[in-house]
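Engineer: Supplied structure: my_file_29.csv, CSV, C-alpha atoms.
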```csv
chain,number,residue,atom,x,y,z
Y,790,MET,CA,34.5,28.6,20.0
Y,791,ASP,CA,35.2,25.1,21.4
Y,792,ILE,CA,32.0,23.0,21.5
Y,793,GLN,CA,32.9,21.8,25.0
Y,794,ASN,CA,32.9,25.4,26.2
Y,795,THR,CA,29.4,26.0,24.8
Y,796,LYS,CA,26.5,26.8,27.1
Y,797,ALA,CA,23.6,26.8,24.8
Y,798,ILE,CA,19.8,27.3,24.8
Y,799,ILE,CA,17.9,25.6,22.0
Y,800,THR,CA,14.4,26.7,21.4
Y,801,GLY,CA,12.0,24.1,20.1
Y,802,GLY,CA,14.6,21.6,21.3
Y,803,ALA,CA,12.2,18.8,22.3
Y,804,SER,CA,11.4,17.7,18.7
Y,805,GLY,CA,12.6,17.8,15.1
Y,806,LEU,CA,15.7,19.8,14.2
Y,807,GLY,CA,16.0,21.3,17.7
Y,808,ALA,CA,16.0,17.9,19.3
Y,809,ALA,CA,18.7,16.6,17.0
Y,810,THR,CA,20.8,19.7,17.7
Y,811,ALA,CA,20.3,19.4,21.5
Y,812,LYS,CA,21.4,15.7,21.4
Y,813,ALA,CA,24.4,16.4,19.2
Y,814,PHE,CA,25.6,19.3,21.4
Y,815,THR,CA,25.2,17.4,24.7
Y,816,SER,CA,27.0,14.4,23.2
Y,817,ALA,CA,29.9,16.6,22.3
Y,818,GLY,CA,30.2,18.0,25.8
Y,819,ALA,CA,28.2,21.2,25.6
Y,820,LYS,CA,25.9,22.3,28.3
Y,821,VAL,CA,22.4,22.6,26.8
Y,822,THR,CA,19.1,23.9,28.1
Y,823,ILE,CA,16.0,23.2,26.0
Y,824,PHE,CA,13.3,25.8,25.7
Y,825,ASP,CA,10.0,24.3,24.6
Y,826,ARG,CA,6.3,25.0,25.1
Y,827,ASP,CA,5.6,21.3,25.6
Y,828,PRO,CA,6.4,20.5,29.3
Y,829,ASP,CA,6.8,16.8,28.2
Y,830,GLY,CA,10.0,18.0,26.6
Y,831,ALA,CA,11.5,17.7,30.0
Y,832,ASP,CA,11.5,13.9,29.6
Y,833,TYR,CA,13.6,14.2,26.4
Y,834,ALA,CA,15.9,16.6,28.0
Y,835,ALA,CA,16.6,14.2,30.9
Y,836,ILE,CA,17.3,11.4,28.5
Y,837,ILE,CA,20.0,13.3,26.6
Y,838,GLY,CA,21.4,15.1,29.7
Y,839,ALA,CA,20.1,18.6,29.0
Y,840,GLY,CA,18.3,21.1,31.1
Y,841,PHE,CA,14.8,22.1,30.4
Y,842,ALA,CA,12.5,25.2,30.8
Y,843,ALA,CA,8.9,25.4,29.6
Y,844,VAL,CA,9.1,28.6,27.5
Y,845,ASP,CA,6.7,30.4,25.1
Y,846,VAL,CA,9.0,32.3,22.7
Y,847,THR,CA,6.3,35.0,22.2
Y,848,ASP,CA,6.2,35.9,25.9
Y,849,GLU,CA,9.0,38.0,27.3
Y,850,THR,CA,8.3,37.0,30.9
Y,851,SER,CA,8.4,33.3,29.9
Y,852,ILE,CA,11.8,33.8,28.1
Y,853,THR,CA,13.3,35.8,31.0
Y,854,GLN,CA,12.4,33.0,33.4
Y,855,GLY,CA,13.9,30.4,31.1
Y,856,LEU,CA,17.1,32.4,30.8
Y,857,ASP,CA,17.3,32.8,34.6
Y,858,HIS,CA,16.9,29.0,34.8
Y,859,ALA,CA,19.6,28.4,32.2
Y,860,GLY,CA,22.2,30.6,33.8
Y,861,VAL,CA,25.3,31.6,31.9
Y,862,ILE,CA,24.9,31.2,28.1
Y,863,ASN,CA,27.1,31.9,25.1
Y,864,VAL,CA,25.1,30.2,22.3
Y,865,VAL,CA,21.4,30.5,21.2
Y,866,ILE,CA,19.9,28.2,18.5
Y,867,ASN,CA,16.4,29.2,17.6
Y,868,CYS,CA,14.5,26.2,16.2
Y,869,ALA,CA,11.0,27.0,17.6
Y,870,GLY,CA,8.5,27.5,14.8
Y,871,ILE,CA,5.3,26.4,13.1
Y,872,ALA,CA,4.4,25.6,9.5
Y,873,THR,CA,1.1,26.8,8.0
Y,874,ALA,CA,-0.5,26.4,4.6
Y,875,GLU,CA,-3.1,28.8,3.4
Y,876,LYS,CA,-3.5,30.6,0.1
Y,877,THR,CA,-3.8,34.4,-0.1
Y,878,LEU,CA,-7.2,33.9,-1.7
Y,879,GLY,CA,-8.6,30.4,-1.5
Y,880,ARG,CA,-12.0,28.7,-2.0
Y,881,ASP,CA,-13.2,29.9,1.4
Y,882,GLY,CA,-12.1,33.5,0.8
Y,883,PRO,CA,-9.1,35.6,1.8
Y,884,HIS,CA,-6.2,34.3,3.9
Y,885,ALA,CA,-7.2,34.6,7.6
Y,886,GLN,CA,-5.2,37.5,9.1
Y,887,SER,CA,-5.1,35.6,12.4
Y,888,THR,CA,-3.2,32.7,10.8
Y,889,PHE,CA,-0.7,35.1,9.2
Y,890,THR,CA,-0.2,37.0,12.4
Y,891,ARG,CA,0.3,33.8,14.5
Y,892,THR,CA,2.8,32.4,12.1
Y,893,VAL,CA,4.9,35.6,12.0
Y,894,ASP,CA,4.5,36.0,15.8
Y,895,ILE,CA,6.0,32.6,16.6
Y,896,ASN,CA,8.5,32.2,13.7
Y,897,LEU,CA,9.9,35.7,13.4
Y,898,ASN,CA,8.9,37.7,16.5
Y,899,GLY,CA,9.6,34.7,18.7
Y,900,THR,CA,13.0,34.3,17.2
Y,901,PHE,CA,13.9,37.9,17.6
Y,902,ASN,CA,12.4,38.0,21.1
Y,903,VAL,CA,14.7,35.2,22.3
Y,904,ALA,CA,17.8,36.5,20.5
Y,905,ARG,CA,17.5,40.1,21.9
Y,906,LEU,CA,17.0,38.9,25.5
Y,907,ALA,CA,19.7,36.3,25.3
Y,908,ALA,CA,22.2,38.7,23.7
Y,909,ALA,CA,21.9,40.9,26.8
Y,910,ARG,CA,23.2,37.9,28.9
Y,911,MET,CA,26.2,37.2,26.7
Y,912,SER,CA,28.9,39.3,28.5
Y,913,ASP,CA,31.8,37.4,27.0
Y,914,GLY,CA,30.6,37.1,23.4
Y,915,GLY,CA,28.7,34.3,21.8
Y,916,VAL,CA,26.8,32.9,18.8
Y,917,ILE,CA,23.2,33.2,17.7
Y,918,ILE,CA,21.9,30.8,15.1
Y,919,ASN,CA,18.4,31.3,13.7
Y,920,THR,CA,16.4,28.9,11.6
Y,921,ALA,CA,15.1,30.2,8.3
Y,922,SER,CA,13.9,28.0,5.4
Y,923,VAL,CA,14.3,27.6,1.7
Y,924,ALA,CA,10.8,28.9,1.6
Y,925,ALA,CA,12.3,32.3,2.4
Y,926,PHE,CA,13.6,32.3,-1.2
Y,927,ASP,CA,11.4,29.7,-3.0
Y,928,GLY,CA,8.1,30.0,-1.3
Y,929,GLN,CA,5.3,27.9,-2.8
Y,930,LYS,CA,1.6,28.3,-3.1
Y,931,GLY,CA,0.0,28.5,0.3
Y,932,GLN,CA,3.2,29.6,2.0
Y,933,ALA,CA,2.6,33.4,2.1
Y,934,ALA,CA,2.7,33.5,5.9
Y,935,TYR,CA,5.4,30.9,6.4
Y,936,ALA,CA,7.7,32.3,3.7
Y,937,ALA,CA,7.3,35.8,4.9
Y,938,SER,CA,8.2,34.8,8.5
Y,939,LYS,CA,11.3,32.9,7.3
Y,940,ALA,CA,12.4,35.6,4.9
Y,941,GLY,CA,12.4,37.9,8.0
Y,942,ILE,CA,14.7,35.4,9.7
Y,943,ALA,CA,17.1,35.6,6.8
Y,944,GLY,CA,16.9,39.4,6.8
Y,945,LEU,CA,17.9,39.5,10.5
Y,946,SER,CA,21.3,38.0,10.0
Y,947,LEU,CA,23.4,40.9,8.8
Y,948,PRO,CA,21.9,43.8,10.7
Y,949,MET,CA,21.8,41.9,13.9
Y,950,ALA,CA,25.4,40.8,13.4
Y,951,ARG,CA,26.4,44.4,12.9
Y,952,ASP,CA,24.4,45.5,16.0
Y,953,LEU,CA,26.1,42.9,18.2
Y,954,ALA,CA,29.6,42.9,16.8
Y,955,ARG,CA,30.8,45.2,19.6
Y,956,MET,CA,29.8,42.6,22.1
Y,957,GLY,CA,31.6,39.8,20.2
Y,958,ILE,CA,28.4,38.1,19.2
Y,959,ARG,CA,28.1,36.4,15.8
Y,960,VAL,CA,24.7,35.9,14.1
Y,961,MET,CA,23.9,33.3,11.5
Y,962,ALA,CA,20.9,31.6,10.0
Y,963,ILE,CA,20.4,28.2,8.5
Y,964,ALA,CA,17.8,27.7,5.7
Y,965,PRO,CA,16.9,24.0,5.7
Y,966,GLY,CA,15.3,22.4,2.7
Y,967,ILE,CA,13.0,19.4,3.2
Y,968,PHE,CA,14.0,17.5,6.3
Y,969,ARG,CA,12.9,14.2,7.8
Y,970,THR,CA,11.2,15.5,10.9
Y,971,PRO,CA,8.2,13.9,12.9
Y,972,MET,CA,5.9,16.4,11.3
Y,973,LEU,CA,6.9,15.4,7.8
Y,974,GLU,CA,7.0,11.6,8.6
Y,975,GLY,CA,3.3,12.0,9.6
Y,976,LEU,CA,2.5,12.6,5.9
Y,977,GLY,CA,3.5,9.1,5.0
Y,978,GLN,CA,6.3,7.5,2.9
Y,979,GLU,CA,4.7,8.2,-0.4
Y,980,VAL,CA,4.5,11.9,0.2
Y,981,MET,CA,8.1,12.0,1.5
Y,982,ASP,CA,9.3,10.2,-1.6
Y,983,GLY,CA,7.5,12.7,-3.8
Y,984,LEU,CA,9.2,15.6,-2.0
Y,985,ALA,CA,12.6,14.0,-2.1
Y,986,LYS,CA,12.5,13.6,-5.9
Y,987,ASP,CA,13.0,17.4,-6.4
Y,988,VAL,CA,16.3,17.4,-4.4
Y,989,ILE,CA,19.2,17.6,-6.8
Y,990,TYR,CA,21.9,15.6,-4.8
Y,991,PRO,CA,21.8,13.7,-2.7
Y,992,ALA,CA,18.3,12.8,-3.8
Y,993,ARG,CA,16.7,12.3,-0.4
Y,994,LEU,CA,15.3,14.2,2.5
Y,995,GLY,CA,17.7,15.9,4.9
Y,996,GLU,CA,18.4,14.3,8.2
Y,997,PRO,CA,18.1,16.4,11.4
Y,998,ALA,CA,21.6,15.3,12.4
Y,999,GLU,CA,22.9,17.2,9.3
Y,1000,PHE,CA,21.3,20.4,10.6
Y,1001,ALA,CA,22.9,19.8,13.9
Y,1002,ALA,CA,26.3,19.2,12.3
Y,1003,LEU,CA,26.0,22.6,10.5
Y,1004,ALA,CA,25.0,24.3,13.7
Y,1005,ARG,CA,28.1,22.9,15.4
Y,1006,PHE,CA,30.3,24.0,12.6
Y,1007,ILE,CA,28.9,27.5,12.8
Y,1008,VAL,CA,29.6,27.6,16.5
Y,1009,GLU,CA,33.2,26.4,16.0
Y,1010,CYS,CA,34.1,28.5,12.9
Y,1011,ASP,CA,34.7,32.0,14.2
Y,1012,TYR,CA,34.7,33.6,10.7
Y,1013,LEU,CA,31.1,32.7,9.9
Y,1014,ASN,CA,28.9,35.7,10.6
Y,1015,GLY,CA,26.0,37.8,9.2
Y,1016,THR,CA,24.7,35.4,6.6
Y,1017,THR,CA,22.2,32.6,5.8
Y,1018,ILE,CA,23.4,29.2,4.7
Y,1019,ARG,CA,21.1,27.0,2.6
Y,1020,LEU,CA,21.1,23.4,3.6
Y,1021,ASP,CA,19.1,21.8,0.9
Y,1022,GLY,CA,20.9,19.4,-1.4
Y,1023,ALA,CA,20.7,22.1,-4.2
Y,1024,LEU,CA,16.9,22.0,-4.0
Y,1025,ARG,CA,15.0,24.8,-5.7
Y,1026,MET,CA,11.3,24.6,-4.9
Y,1027,PRO,CA,9.2,24.6,-8.1
```
Represent the structure of the file as structure tokens.
Structural biologist:
Amino acid sequence: MDIQNTKAIITGGASGLGAATAKAFTSAGAKVTIFDRDPDGADYAAIIGAGFAAVDVTDETSITQGLDHAGVINVVINCAGIATAEKTLGRDGPHAQSTFTRTVDINLNGTFNVARLAAARMSDGGVIINTASVAAFDGQKGQAAYAASKAGIAGLSLPMARDLARMGIRVMAIAPGIFRTPMLEGLGQEVMDGLAKDVIYPARLGEPAEFAALARFIVECDYLNGTTIRLDGALRMP
């Protein structure tokens, strides 16, 4: 698919990996509509020349209204998600079920919710890219909820690709390692340096623009389908 013929919705597109992807795609000539819960995301969308819809990915009505606003689409990039840290059994007792449920609801259910509803609008084929994480494979302590939600994303790729093949829709997932996002930058340079030292090569944090570049390549490479690509500098979480 030619990037200039792309009509994409990007969830979580007002910050982090989603924002970088929205910017890269609009700069390349794609038509982009950002879906984000934060209505202030409309300001960022205006700056980069994208459309915007305030969308809660856990709410079907909200997604449907966003899709109506976006119009014709042939690409979906799901970047909306949250990161939580809580041990299965910690000093204060068992992991809160509410935290686990909320994490899975946004990260996994929200991704599937957008993908299934958007696929129904892709009458001439398309591409769905979901965001997993290396935590799906190398989950650390305190990542039971997050790793489970991202493992579900990775598990969606093949069956969803098989389900949608008759419609000419490809499905892929990207599993990023540790990326320099606003959330991570808020932890400070010392923490970021500590995280970067475990990356094999290049020994640094990933840049959101690199995630965006891979998303573009997936859109443009018609033979990529039904799998998850790790984007992590050979990082394997200890």
Engineer: Find the nearest atom pair between each residue of stretch 878-980 of chain Y and stretch 995-1006 of chain Y for residues within 9 Å, count all atoms listed in the file, give distances in Å to one decimal, sort rows by chain and ascending number, and present the table as a tab-separated table.
Structural biologist:
```
residue	atom	partner	partner_atom	distance
Y:Ile918	CA	Y:Ala1004	CA	7.3
Y:Ile963	CA	Y:Ala1004	CA	8.0
Y:Pro965	CA	Y:Phe1000	CA	7.5
Y:Gly966	CA	Y:Gly995	CA	7.3
Y:Ile967	CA	Y:Gly995	CA	6.1
Y:Phe968	CA	Y:Gly995	CA	4.3
Y:Arg969	CA	Y:Glu996	CA	5.5
Y:Thr970	CA	Y:Pro997	CA	7.0
```
Engineer: Counting all atoms listed in the file, I want the residues whose atoms come within 12 Å of (8.4, 38.7, 11.9) in the file frame, returned as a list of chain:residue names.
Structural biologist: Y:Thr847, Y:Gly870, Y:Phe889, Y:Thr890, Y:Arg891, Y:Thr892, Y:Val893, Y:Asp894, Y:Ile895, Y:Asn896, Y:Leu897, Y:Asn898, Y:Gly899, Y:Thr900, Y:Phe901, Y:Asn902, Y:Ala921, Y:Ala934, Y:Tyr935, Y:Ala936, Y:Ala937, Y:Ser938, Y:Lys939, Y:Ala940, Y:Gly941, Y:Ile942, Y:Ala943, Y:Gly944, Y:Leu945
Engineer: So which one's closest to Y:Ala907, Y:Lys796, Y:Lys876, Y:Arg826, Y:Arg993? Using all atoms listed in the file, please.
Structural biologist: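 Using all atoms listed in the file, the shortest distance to Y:Ala907 belongs to Y:Lys796.
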Engineer: Could you jot down the atom CA of Y:Ala933 to atom CA of Y:Glu979 separation for me, Å, one decimal place?
Structural biologist: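 That distance, rounded to one decimal, is 25.4 Å.
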Engineer: Using all atoms listed in the file, which of the listed residues (Y:Asn1014, Y:Thr800, Y:Thr795, Y:Asn867) sits closest to Y:Phe841?
Structural biologist: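 With all atoms listed in the file as the atom set, the closest residue is Y:Thr800.
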Engineer: Would you list the contacts of Y:Leu906 as a PyMOL selection string, taking every protein, DNA or RNA residue within 8 Å and counting all atoms listed in the file, but skipping same-chain residues closer than 3 positions in sequence?
Structural biologist: chain Y and resi 852-853+902-903+909-910
Engineer: Counting all atoms listed in the file, which residue out of Y:Ile1018, Y:Leu856, Y:Ala985, Y:Ala808 sits closest to Y:Ala842?
Structural biologist: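 Closest to Y:Ala842 of all the choices is Y:Leu856.
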Engineer: Can you tell me how far atom CA of Y:Arg1025 sits from atom CA of Y:Val923, in Å to one decimal?
Structural biologist: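 One can read the atom CA of Y:Arg1025 to atom CA of Y:Val923 distance as 7.9 Å.
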